[in-house]
2 protein chains.
Amino acid sequence: MDLKSLIRHARGDEPADLLLRNGRVVNVLSGQVEETGVAVAGEFIVGLGEYPARHEVDLAGSYVAPGFIDAHVHIESSLLPPAEFARAVVPRGTTTVVTDPHEIANVLGLEGIRFMFESAKFGPLNMYVMASSCVPATALATSGAALHGYDLLPLKSDPWVLGLAEVMNYHGVVRADDAVLEKIGAFQDRVIDGHSPGLSGLGLQAYVAAGVQSDHESTSAGEALEKLRLGMMVMIREGSVARDLEALVPIVTPANQHRFCFCTDDCQPSDLVERGGIDHAIRQAIRFGMDPVSAIRLATWNPAQHFRLQQRGAITPGRRADLVVFDDLRAPRPRLVFRNGGLMARDGSMVVPPRPPSRTLRSTMNVAWDAVGFGIPASGRLVRVIGVTDGCLLTEALHSEPVIRGGEAHADPARDLLKLAVIERHMASGAVGKGFVRGLGLREGALASSVAHDHHNLIVAGADDESMMTAARRVGALHGGMVVARGARVLAEVPLPLGGLMSAEPVEAVRRQVEAAVAAARTLGAGLHDPFMAMSFLALEVMPALKLTDRGLVDVGRLELVPLWADA
Amino acid sequence: MDLKSLIRHARGDEPADLLLRNGRVVNVLSGQVEETGVAVAGEFIVGLGEYPARHEVDLAGSYVAPGFIDAHVHIESSLLPPAEFARAVVPRGTTTVVTDPHEIANVLGLEGIRFMFESAKFGPLNMYVMASSCVPATALATSGAALHGYDLLPLKSDPWVLGLAEVMNYHGVVRADDAVLEKIGAFQDRVIDGHSPGLSGLGLQAYVAAGVQSDHESTSAGEALEKLRLGMMVMIREGSVARDLEALVPIVTPANQHRFCFCTDDCQPSDLVERGGIDHAIRQAIRFGMDPVSAIRLATWNPAQHFRLQQRGAITPGRRADLVVFDDLRAPRPRLVFRNGGLMARDGSMVVPPRPPSRTLRSTMNVAWDAVGFGIPASGRLVRVIGVTDGCLLTEALHSEPVIRGGEAHADPARDLLKLAVIERHMASGAVGKGFVRGLGLREGALASSVAHDHHNLIVAGADDESMMTAARRVGALHGGMVVARGARVLAEVPLPLGGLMSAEPVEAVRRQVEAAVAAARTLGAGLHDPFMAMSFLALEVMPALKLTDRGLVDVGRLELVPLWADA
């Protein structure tokens, strides 16, 4: 719509396309709820008040808020490509996401990012992209692609690219490494998002001084407050595994609330469908004591300001008509969702038809199976063990004694000591990192997945080598996916042929497959909220404390490979 | 300073250049006051806390705030070019101004804007420019230059240009005029500031829908709240004539305070030196009940956010070291002022030497004196009269009966009815607009000035024609200025040879000249705070209600010329 037409509609000289009447508008600028109409013409809000309109909807006192914004999400973690992810989150009121496509970029580089754009285009969701800064995250794992500063520069000319995505290599920034500073330097005129779990003191000051403007990794009040006072936008994360909201909501005050927003980071399909994403974060924040208008501001205006989204984040004339209608201000559950002026969802379901399926991506599973084995020669008594904690992406660095038999170290499920392996799957190099994990809880069988942050090699955890091989091989045969196996038998599977990360099926089907896989894992003893998602972070060598990649065990604090045997 | 060096300093690996110790830092992000040091290296803040440093200053518990930002100011109104204006405001804590150079642009076009840049460069003040959108303000006056959309576009590539300056032609926007929409369209990706006194309802919605993002013309709580809820940043103005702070402070709440900032718009030199600019606004806001940290936020973080000044507005690592030190949080009076890490002022005086005087501008006084006269043939009984109110830019449209003598209408100082004339001074066309004014209070003599917003023709008010001619002719002889005359005698004068708007002398000299001129005007009966500044707005045909230009009387509400004689 051109400016002239916008102005004519705002003046009321031309009838609006749509008038939402008798609503209570959540005004995130004034902080008040106003009884007023909202007039929409084309893709834009043209006015507040009573306007002549071609079509009217009587809201009968329902609330109208700006569409919700997820300030930081890896869409791939939902196991859905953007077109299908949209169908999961839009009915929940999320009309805009800011995504870092670094999962697919680690597999397929710029080709992967292009796939994400293509899948999102003309869909019901505004998908803004932050250029992935850490592909690969470190040199301690093998990824399928690498993005250098000069690879990212062309992305700046895309209007849907807002800046540089979470700079996870905070060690590199604090050390002033050339490669990461080149990327930061290239995006100094844009938004630069951060990722610095546990970073504080001088290191954090250096990270902020370099130009990093936000962080979504605070898990405690003290950590978040330090980041806030040093200038960072604090993104409160409420995802499937990482749930930081309860710890952080108490520190939000009227004086500092402009420095917070909400994000999900990583959500599995069941959570998106059953629990919700940003809508869930809003409801939780209210439950934990935040006033509703502030909670909605954290989900709308604040991220729009951070990302300089001039056309979104509030209900004012001239902005895009991204609107959410709900009945209960203290527990918003979107009843109607508009995006760019069009009704996208009603009563939790999309009202626009799905797009044709995304184009097929070539198979990305390249494993030298002949070289793959899980045997661990015994060369000590004590092994380093990755300790998993439910609801937290951080692991503990533990020590334990494995069962030694036939000169090899074995899992001991009775003591919750499982074998863990990461099989390189991009270059068919045959590399396999091997270690042990505690906390997954399997008494028998194995889980395997081609989703293993951020390099997404093939990760396998199991009680015995045969089950591990069955599960891993099946993931390969599916061109990627998640598999539960016991002995030679596959118990459940989730095919993820799109980059080994995303399904080609609708969200409901994927959710059922994942639930079946989780249920199958539970029959084997797995006890976590989502054992596959928990396992997918055991290979992420930038989240403390101990992780496993295809190169071996990584001490994240020192960002170094360490031997499996602690007493060797 | 390159990123690597910044990071090394932030880590504390290299000593800072300066450590401000034992300060109490006003953290506009957290809303708290923190006892901590501030380390500075080169032009940047590198860290909060104790740092090794080459030079330390013990603040002994004084407060440290970010440098103040004036969100909207016409520097020319101070009668000083930027280099000298800086010496007036920097000791008061203002380290950054966002200026609309539309006064000089109305006289000299782009050449005038270049002069402002040149005068500010390498000086002690950050001067950001908004591209003047309304040169001329309307077609109802003769200006010295015109800036079209294509003239403004090249300014976008200057990093010190932030967007489009106050779109004063709000009628044109609401009417969707091509010329003004062309300019707005060209700056849609930048900040667009507004100017819409009294605009409300559908007109205001249309103005906002067009993309105008702020307003500094609200004079009442209701006006400001309507603009705020529709999406505008509300700039609270506290200038020399327009003083809106007392009316607007009561509406600032914790929930909406992120949508306000301070500006001075127009300040005369005496006020800048004696009363202060933004520092005065902060103190006044606190006096009227705002909490001090919020008041400082309105003067720092909020304008930095509005104008997307990533490097300013807060005391955090990596931002520019623009810092203000003061002792009393409830009445901040800057004791030390740093800009880009360098000490600029101490105890109210600059500590850096003045710059060499700005280059001379060619004379801009082009008057066809032979054609100039002030006679008004009588052609009715009742004339329209401009009614002046002290402390307000708005005038009243009054009616009165002038003295008719010899077939001509004359002033009647006994009834505070003066003659007013606006002599075209750019094109030497000989055009003179004539009318009457009430409220200036002169009992005898005349005032003349080449400062007459925005076209800056030569404005003269007086009790008799001879005094008016003496004053006007003297302004011409000075190549611009302000003059007080009685009969054939010049009583006081302020030479303003730079465009007829600015002095070539230091602020103290200008202040004394202005004070002498105001004192001389007072001996003639003038009763306003500053009769010259009040007079300078009587020609501004975009501020209601009745104004006079070289073309004649303007009914601002209808934006039309109207006859002098109301009953003709």
# chains A, B, ... in the order shown; residues from 1 in each chain; ligands from 1
call {"tool": "closest_atom_pairs", "arguments": {"of": "chain B", "to": "chain A", "cutoff": "7 Å", "atoms": "only C-alpha atoms", "output": "tab-separated table"}}
result
residue	atom	partner	partner_atom	distance
B:Leu3	CA	A:Ala210	CA	6.0
B:Lys4	CA	A:Ala176	CA	5.5
B:Leu6	CA	A:Ala209	CA	6.6
B:Ile7	CA	A:Ala206	CA	4.8
B:Ala10	CA	A:Ala206	CA	4.7
B:Arg11	CA	A:Leu202	CA	4.9
B:Asn27	CA	A:Arg229	CA	6.8
B:Leu29	CA	A:Asn256	CA	6.0
B:Ser30	CA	A:Asn256	CA	4.9
B:Gly31	CA	A:Ala255	CA	5.1
B:Val46	CA	A:Ala209	CA	6.3
B:Gly47	CA	A:Gln205	CA	6.0
B:Val174	CA	A:Ile7	CA	6.7
B:Ala176	CA	A:Lys4	CA	5.6
B:Leu202	CA	A:Arg11	CA	4.9
B:Gly203	CA	A:Arg11	CA	6.0
B:Gln205	CA	A:Ala10	CA	5.7
B:Ala206	CA	A:Ala10	CA	4.7
B:Val208	CA	A:Pro317	CA	6.0
B:Ala209	CA	A:Gly318	CA	3.8
B:Ala210	CA	A:Leu3	CA	6.0
B:Gly211	CA	A:Gly318	CA	6.5
B:Leu228	CA	A:Ser30	CA	6.7
B:Arg229	CA	A:Ser30	CA	5.5
B:Leu230	CA	A:Thr316	CA	5.1
B:Gly231	CA	A:Thr316	CA	5.6
B:Pro254	CA	A:Pro254	CA	5.6
B:Ala255	CA	A:Gly31	CA	5.1
B:Asn256	CA	A:Ser30	CA	4.9
B:Arg259	CA	A:Leu29	CA	6.9
B:Thr316	CA	A:Leu230	CA	5.1
B:Pro317	CA	A:Ala209	CA	4.5
B:Gly318	CA	A:Ala209	CA	3.8
call {"tool": "residues_around", "arguments": {"residues": "B:Leu498", "least_positions_apart": "5", "cutoff": "9 Å", "atoms": "only C-alpha atoms", "output": "count of residues only"}}
result
12
call {"tool": "closest_residue", "arguments": {"among": "A:Val554, A:Met1, A:Ala65, A:Ala448", "to": "A:Trp301", "atoms": "only C-alpha atoms"}}
result
A:Ala65
call {"tool": "residues_around", "arguments": {"residues": "stretch 420-429 of chain A", "least_positions_apart": "2", "cutoff": "7 Å", "atoms": "only C-alpha atoms", "output": "PDB file with N, CA, C and O atoms, in the first residue's frame"}}
result
ATOM      1  N   THR A 142      33.514 -31.483  13.577  1.00  0.00           N
ATOM      2  CA  THR A 142      33.453 -31.418  12.118  1.00  0.00           C
ATOM      3  C   THR A 142      32.048 -31.023  11.705  1.00  0.00           C
ATOM      4  O   THR A 142      31.080 -31.702  12.056  1.00  0.00           O
ATOM      5  N   SER A 143      31.921 -29.912  11.004  1.00  0.00           N
ATOM      6  CA  SER A 143      30.605 -29.510  10.515  1.00  0.00           C
ATOM      7  C   SER A 143      30.547 -29.758   9.017  1.00  0.00           C
ATOM      8  O   SER A 143      31.558 -30.047   8.370  1.00  0.00           O
ATOM      9  N   GLY A 144      29.340 -29.599   8.460  1.00  0.00           N
ATOM     10  CA  GLY A 144      29.175 -29.824   7.030  1.00  0.00           C
ATOM     11  C   GLY A 144      29.518 -28.599   6.212  1.00  0.00           C
ATOM     12  O   GLY A 144      29.649 -28.681   4.981  1.00  0.00           O
ATOM     13  N   THR A 364      21.915 -35.630   3.376  1.00  0.00           N
ATOM     14  CA  THR A 364      23.115 -35.069   3.994  1.00  0.00           C
ATOM     15  C   THR A 364      23.815 -36.076   4.900  1.00  0.00           C
ATOM     16  O   THR A 364      24.727 -35.702   5.627  1.00  0.00           O
ATOM     17  N   MET A 365      23.365 -37.317   4.862  1.00  0.00           N
ATOM     18  CA  MET A 365      24.006 -38.331   5.700  1.00  0.00           C
ATOM     19  C   MET A 365      25.150 -38.982   4.927  1.00  0.00           C
ATOM     20  O   MET A 365      24.916 -39.797   4.037  1.00  0.00           O
ATOM     21  N   ASN A 366      26.355 -38.622   5.285  1.00  0.00           N
ATOM     22  CA  ASN A 366      27.538 -39.167   4.619  1.00  0.00           C
ATOM     23  C   ASN A 366      28.435 -39.812   5.670  1.00  0.00           C
ATOM     24  O   ASN A 366      29.308 -39.162   6.229  1.00  0.00           O
ATOM     25  N   VAL A 367      28.177 -41.068   5.926  1.00  0.00           N
ATOM     26  CA  VAL A 367      28.900 -41.773   6.993  1.00  0.00           C
ATOM     27  C   VAL A 367      29.720 -42.913   6.394  1.00  0.00           C
ATOM     28  O   VAL A 367      29.224 -43.663   5.555  1.00  0.00           O
ATOM     29  N   ALA A 368      30.970 -43.009   6.810  1.00  0.00           N
ATOM     30  CA  ALA A 368      31.821 -44.145   6.399  1.00  0.00           C
ATOM     31  C   ALA A 368      31.559 -45.290   7.367  1.00  0.00           C
ATOM     32  O   ALA A 368      32.285 -45.492   8.340  1.00  0.00           O
ATOM     33  N   LEU A 418      25.974 -44.702  30.583  1.00  0.00           N
ATOM     34  CA  LEU A 418      25.762 -45.160  29.211  1.00  0.00           C
ATOM     35  C   LEU A 418      26.942 -44.755  28.354  1.00  0.00           C
ATOM     36  O   LEU A 418      27.666 -43.800  28.647  1.00  0.00           O
ATOM     37  N   ALA A 431      35.313 -40.653  11.400  1.00  0.00           N
ATOM     38  CA  ALA A 431      35.637 -40.241  12.770  1.00  0.00           C
ATOM     39  C   ALA A 431      34.466 -40.531  13.701  1.00  0.00           C
ATOM     40  O   ALA A 431      33.303 -40.328  13.340  1.00  0.00           O
ATOM     41  N   VAL A 432      34.799 -41.051  14.887  1.00  0.00           N
ATOM     42  CA  VAL A 432      33.788 -41.295  15.919  1.00  0.00           C
ATOM     43  C   VAL A 432      34.361 -40.838  17.257  1.00  0.00           C
ATOM     44  O   VAL A 432      35.409 -41.322  17.690  1.00  0.00           O
ATOM     45  N   GLY A 433      33.691 -39.914  17.900  1.00  0.00           N
ATOM     46  CA  GLY A 433      34.049 -39.538  19.271  1.00  0.00           C
ATOM     47  C   GLY A 433      33.302 -40.445  20.230  1.00  0.00           C
ATOM     48  O   GLY A 433      32.135 -40.758  20.000  1.00  0.00           O
ATOM     49  N   LYS A 434      34.002 -40.888  21.265  1.00  0.00           N
ATOM     50  CA  LYS A 434      33.368 -41.846  22.185  1.00  0.00           C
ATOM     51  C   LYS A 434      33.504 -41.380  23.628  1.00  0.00           C
ATOM     52  O   LYS A 434      34.533 -40.800  23.998  1.00  0.00           O
ATOM     53  N   GLY A 435      32.494 -41.652  24.411  1.00  0.00           N
ATOM     54  CA  GLY A 435      32.553 -41.261  25.813  1.00  0.00           C
ATOM     55  C   GLY A 435      31.435 -41.911  26.603  1.00  0.00           C
ATOM     56  O   GLY A 435      30.822 -42.887  26.160  1.00  0.00           O
ATOM     57  N   PHE A 436      31.183 -41.349  27.782  1.00  0.00           N
ATOM     58  CA  PHE A 436      30.138 -41.878  28.650  1.00  0.00           C
ATOM     59  C   PHE A 436      29.238 -40.745  29.120  1.00  0.00           C
ATOM     60  O   PHE A 436      29.662 -39.584  29.204  1.00  0.00           O
ATOM     61  N   VAL A 437      27.995 -41.114  29.425  1.00  0.00           N
ATOM     62  CA  VAL A 437      27.025 -40.115  29.867  1.00  0.00           C
ATOM     63  C   VAL A 437      26.210 -40.675  31.036  1.00  0.00           C
ATOM     64  O   VAL A 437      25.910 -41.874  31.085  1.00  0.00           O
ATOM     65  N   ASN A 457      26.360 -33.878  13.878  1.00  0.00           N
ATOM     66  CA  ASN A 457      26.808 -35.219  13.552  1.00  0.00           C
ATOM     67  C   ASN A 457      25.838 -36.204  14.179  1.00  0.00           C
ATOM     68  O   ASN A 457      24.857 -35.814  14.829  1.00  0.00           O
ATOM     69  N   LEU A 458      26.101 -37.476  13.953  1.00  0.00           N
ATOM     70  CA  LEU A 458      25.150 -38.502  14.390  1.00  0.00           C
ATOM     71  C   LEU A 458      25.506 -38.895  15.821  1.00  0.00           C
ATOM     72  O   LEU A 458      26.574 -39.457  16.073  1.00  0.00           O
ATOM     73  N   ILE A 459      24.608 -38.582  16.745  1.00  0.00           N
ATOM     74  CA  ILE A 459      24.891 -38.880  18.150  1.00  0.00           C
ATOM     75  C   ILE A 459      24.107 -40.124  18.575  1.00  0.00           C
ATOM     76  O   ILE A 459      22.960 -40.313  18.168  1.00  0.00           O
ATOM     77  N   VAL A 460      24.757 -40.984  19.339  1.00  0.00           N
ATOM     78  CA  VAL A 460      24.149 -42.252  19.780  1.00  0.00           C
ATOM     79  C   VAL A 460      24.477 -42.463  21.244  1.00  0.00           C
ATOM     80  O   VAL A 460      25.634 -42.334  21.647  1.00  0.00           O
ATOM     81  N   ALA A 461      23.472 -42.788  22.033  1.00  0.00           N
ATOM     82  CA  ALA A 461      23.702 -43.160  23.430  1.00  0.00           C
ATOM     83  C   ALA A 461      23.072 -44.519  23.654  1.00  0.00           C
ATOM     84  O   ALA A 461      21.977 -44.783  23.138  1.00  0.00           O
ATOM     85  N   GLY A 462      23.738 -45.386  24.392  1.00  0.00           N
ATOM     86  CA  GLY A 462      23.139 -46.709  24.552  1.00  0.00           C
ATOM     87  C   GLY A 462      23.742 -47.525  25.655  1.00  0.00           C
ATOM     88  O   GLY A 462      24.817 -47.219  26.195  1.00  0.00           O
ATOM     89  N   LEU A 548      30.763 -33.911  24.045  1.00  0.00           N
ATOM     90  CA  LEU A 548      31.421 -34.873  23.152  1.00  0.00           C
ATOM     91  C   LEU A 548      31.143 -34.491  21.705  1.00  0.00           C
ATOM     92  O   LEU A 548      29.990 -34.284  21.321  1.00  0.00           O
ATOM     93  N   THR A 549      32.207 -34.387  20.896  1.00  0.00           N
ATOM     94  CA  THR A 549      32.030 -34.197  19.458  1.00  0.00           C
ATOM     95  C   THR A 549      32.654 -35.395  18.738  1.00  0.00           C
ATOM     96  O   THR A 549      33.171 -36.317  19.380  1.00  0.00           O
ATOM     97  N   ASP A 550      32.632 -35.344  17.409  1.00  0.00           N
ATOM     98  CA  ASP A 550      33.255 -36.439  16.650  1.00  0.00           C
ATOM     99  C   ASP A 550      34.766 -36.476  16.853  1.00  0.00           C
ATOM    100  O   ASP A 550      35.410 -37.472  16.544  1.00  0.00           O
TER     101      ASP A 550
END
call {"tool": "atom_distance", "arguments": {"atom1": "atom CA of B:Leu79", "atom2": "atom CA of B:Ala446"}}
result
20.3 Å
call {"tool": "residues_around", "arguments": {"residues": "B:Ala526", "least_positions_apart": "5", "cutoff": "8 Å", "atoms": "only C-alpha atoms", "output": "number ranges by chain"}}
result
B: 440-443, 521, 531
call {"tool": "write_last_selection", "arguments": {"atoms": "N, CA and C atoms", "output": "PDB file, in the first residue's frame"}}
result
ATOM      1  N   LEU B 440       3.255  42.687  22.647  1.00  0.00           N
ATOM      2  CA  LEU B 440       4.684  42.990  22.767  1.00  0.00           C
ATOM      3  C   LEU B 440       4.907  44.111  23.790  1.00  0.00           C
ATOM      4  N   GLY B 441       3.978  45.027  23.877  1.00  0.00           N
ATOM      5  CA  GLY B 441       4.012  45.993  24.972  1.00  0.00           C
ATOM      6  C   GLY B 441       4.790  47.277  24.732  1.00  0.00           C
ATOM      7  N   LEU B 442       5.367  47.467  23.568  1.00  0.00           N
ATOM      8  CA  LEU B 442       6.144  48.689  23.313  1.00  0.00           C
ATOM      9  C   LEU B 442       5.243  49.927  23.431  1.00  0.00           C
ATOM     10  N   ARG B 443       5.729  50.912  24.195  1.00  0.00           N
ATOM     11  CA  ARG B 443       4.989  52.173  24.261  1.00  0.00           C
ATOM     12  C   ARG B 443       5.515  53.159  23.220  1.00  0.00           C
ATOM     13  N   ALA B 521      14.768  47.306  24.908  1.00  0.00           N
ATOM     14  CA  ALA B 521      13.361  47.087  24.547  1.00  0.00           C
ATOM     15  C   ALA B 521      12.468  47.308  25.755  1.00  0.00           C
ATOM     16  N   PRO B 531      11.482  39.633  24.137  1.00  0.00           N
ATOM     17  CA  PRO B 531      10.615  40.151  23.067  1.00  0.00           C
ATOM     18  C   PRO B 531      11.129  39.798  21.676  1.00  0.00           C
TER      19      PRO B 531
END
call {"tool": "select_by_dssp", "arguments": {"residues": "stretch 351-442 of chain B", "states": "strand (DSSP E)", "output": "PyMOL selection string"}}
result
chain B and resi 383-387+396-400+403-405+408-410+417-423+432-438
call {"tool": "residues_around", "arguments": {"residues": "B:Gly67", "least_positions_apart": "4", "cutoff": "7 Å", "atoms": "only C-alpha atoms", "output": "ChimeraX atom specification"}}
result
/B:93-95,300,322-324
call {"tool": "atom_distance", "arguments": {"atom1": "atom CA of A:Pro332", "atom2": "atom CA of A:His74"}}
result
24.0 Å
call {"tool": "residues_around", "arguments": {"residues": "B:Gly23", "least_positions_apart": "2", "cutoff": "10 Å", "atoms": "only C-alpha atoms", "output": "count of residues only"}}
result
23
